[in-house]
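Peer 1: Please see the structure below; I have some questions.
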Amino acid sequence: MIERTAPSLNLRKTLLCGQCFRWREIAPDVFSGTVGNRHLTLTQQDLPRLRQDPFWCIYFDLNTDYETLRKQLSALHPNLNKAAQHGCGIHILRQEPWETLCSFIISQNNNIPRIQGIIDRLCGETEACSPAAFQNGPAVHPFPQPETLAALSETDLAPLRCGFRARYILDAARKVADGNVNLEALRTAPLAEARAVLMQITGVGPKVADCTLLYGLHRMDAFPVDVWMKRAMGQWFPGVDPVSFGSAAGLAQQYIFDWVRSGASEEEIPG
DNA sequence: GGCCAGGAAGATC
DNA sequence: GATCTTCATGGC
């Protein structure tokens, strides 16, 4: 029996690929982040041990066979094969739906450093911590609950410096808090229905909806088909219908995005 | 379809 | 240094 020494998850690729915004590389190969009311600092070497922890095992999706999914996607098209090779090691994290929805509302027309800054301020990371908070180590700053945000006003959110997105955050918080949008129910709802429910929220369009479904509800069938991605699909995957990606469509799009963002060269575009 | 809504980062001058 | 340009957008 050969001991499995190389887990399918690559921490850097997974945590810094733009699917989440509360992880930082605080030193070379050392990653630190907050999930729920837990704070974790780890390196790639800590992953095998993490398998024993039910919470982190679920969060990092360690029980999904990404190697098989990656092989299935690779077989669909030569360019998807390249993208999948580049994205090898990316897991789709199982993030909290509300935090994910709110984060991707903030992400629209925005860049990652600024998104991280806004979310840090939203979570109170930049507030001065009381001395008592440090008695048992650094204070953990959970993502604010929708009920908390629902009671606030745009003026209250001004210190976040999130611009026009403030009213979108408040509308989302209120619709989730009062039950108009039941995020948990979207785990099993038909994809089209789940999208429609999310798009009732002001400031949530097709892309934010699909990102919420993929990253927040682990709907691997969700595929953000915006104009940009459609163009990339048409140019780089001629004749391939995203439907053929099936239940791994979300993973495929993450591979493609990561590949494109890395500068997957124009010369690789066929024809 | 065009434009506008923060602000930060990177490119360019 | 100053000045563009861009940003996984959505709404009017």
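Identifiers in this document derive from the order of the structure tokens: chains are assigned A, B, ..., residues are numbered from 1 separately in each chain, and ligands are numbered from 1 in order of occurrence.
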Each residue of chain B with at least one atom at most 9 Å from chain A should appear once, together with its nearest atom pair and the corresponding distance in Å (one decimal); atoms considered: only C-alpha atoms (C1' of nucleotides); ordering: chain, then increasing residue number; output as a tab-separated table.

Peer 2:
```
residue	atom	partner	partner_atom	distance
B:DA5	C1'	A:Phe164	CA	5.2
B:DG6	C1'	A:Gly163	CA	4.4
B:DG7	C1'	A:Arg114	CA	7.8
B:DA8	C1'	A:Arg114	CA	6.2
B:DA9	C1'	A:Pro113	CA	8.4
```

Peer 1: Take the residues that were just selected and, keeping C-alpha atoms (C1' of nucleotides), output them as a compact mmCIF listing (two decimals), in the first residue's frame.

Peer 2:
```
# COMPACT_ATOMS: atom_id res chain seq x y z
C1' DA B 5 -21.56 54.27 -9.54
C1' DG B 6 -15.67 54.09 -5.16
C1' DG B 7 -11.27 53.55 -5.18
C1' DA B 8 -7.05 51.03 -5.66
C1' DA B 9 -3.32 49.10 -8.44
```

Peer 1: From a backbone DSSP assignment, name each residue in region 89-247 of chain A labelled helix (DSSP H, G or I), as a count of residues only.

Peer 2: 92

Peer 1: Counting only C-alpha atoms (C1' of nucleotides), give me one row per residue of region 32-109 of chain A with an atom at most 10 Å from an atom of region 2-9 of chain C, showing the shortest contact pair and its distance in Å to one decimal, sorted by chain then residue number, as JSON lines.

Peer 2:
```
{"residue": "A:Phe104", "atom": "CA", "partner": "C:DA8", "partner_atom": "C1'", "distance": 9.5}
{"residue": "A:Ile105", "atom": "CA", "partner": "C:DT9", "partner_atom": "C1'", "distance": 8.8}
{"residue": "A:Ile106", "atom": "CA", "partner": "C:DT9", "partner_atom": "C1'", "distance": 9.8}
{"residue": "A:Ser107", "atom": "CA", "partner": "C:DT9", "partner_atom": "C1'", "distance": 8.3}
{"residue": "A:Gln108", "atom": "CA", "partner": "C:DT9", "partner_atom": "C1'", "distance": 4.6}
{"residue": "A:Asn109", "atom": "CA", "partner": "C:DT9", "partner_atom": "C1'", "distance": 5.0}
```

Peer 1: What does the distance between CA of Asn10 (chain A) and CA of Cys211 (chain A) come to in Å, to one decimal place?

Peer 2: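 Distance reported for this atom pair: 20.8 Å.
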
Peer 1: Using only C-alpha atoms (C1' of nucleotides), determine which residues lie at most 8 Å from Leu251 (chain A), disregarding the query and same-chain residues fewer than 3 positions distant; provide the list as a list in words.

Peer 2: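 Selected residues are Ile92, Met220, Ala248, Gln254 and Tyr255 of chain A.
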
Peer 1: Any idea what's packed within 9 Å of Ile169 (chain A), counting only C-alpha atoms (C1' of nucleotides), ignoring anything in its chain fewer than 3 positions away? Could you give it as a PyMOL selection string?

Peer 2: chain A and resi 102+105-106+149-150+165-166+172-174+202-203

Peer 1: Running DSSP on the backbone, which parts of region 39-144 of chain A land in strand (DSSP E), as a PyMOL selection string?

Peer 2: chain A and resi 39-42

Peer 1: Which one is closest to chain C: A:Met199, A:Ile26, A:Ala249, A:Leu217? Count only C-alpha atoms (C1' of nucleotides).

Peer 2: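 Comparing A:Met199, A:Ile26, A:Ala249, A:Leu217 against chain C, the winner is A:Met199.
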
Peer 1: Could you tell me which of A:Gln72, A:Gln116, A:Asn79, A:Ser8 comes closest to Gln235 (chain A) if we count only C-alpha atoms?

Peer 2: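 When distances to Gln235 (chain A) are compared using only C-alpha atoms, the smallest one comes from A:Asn79.
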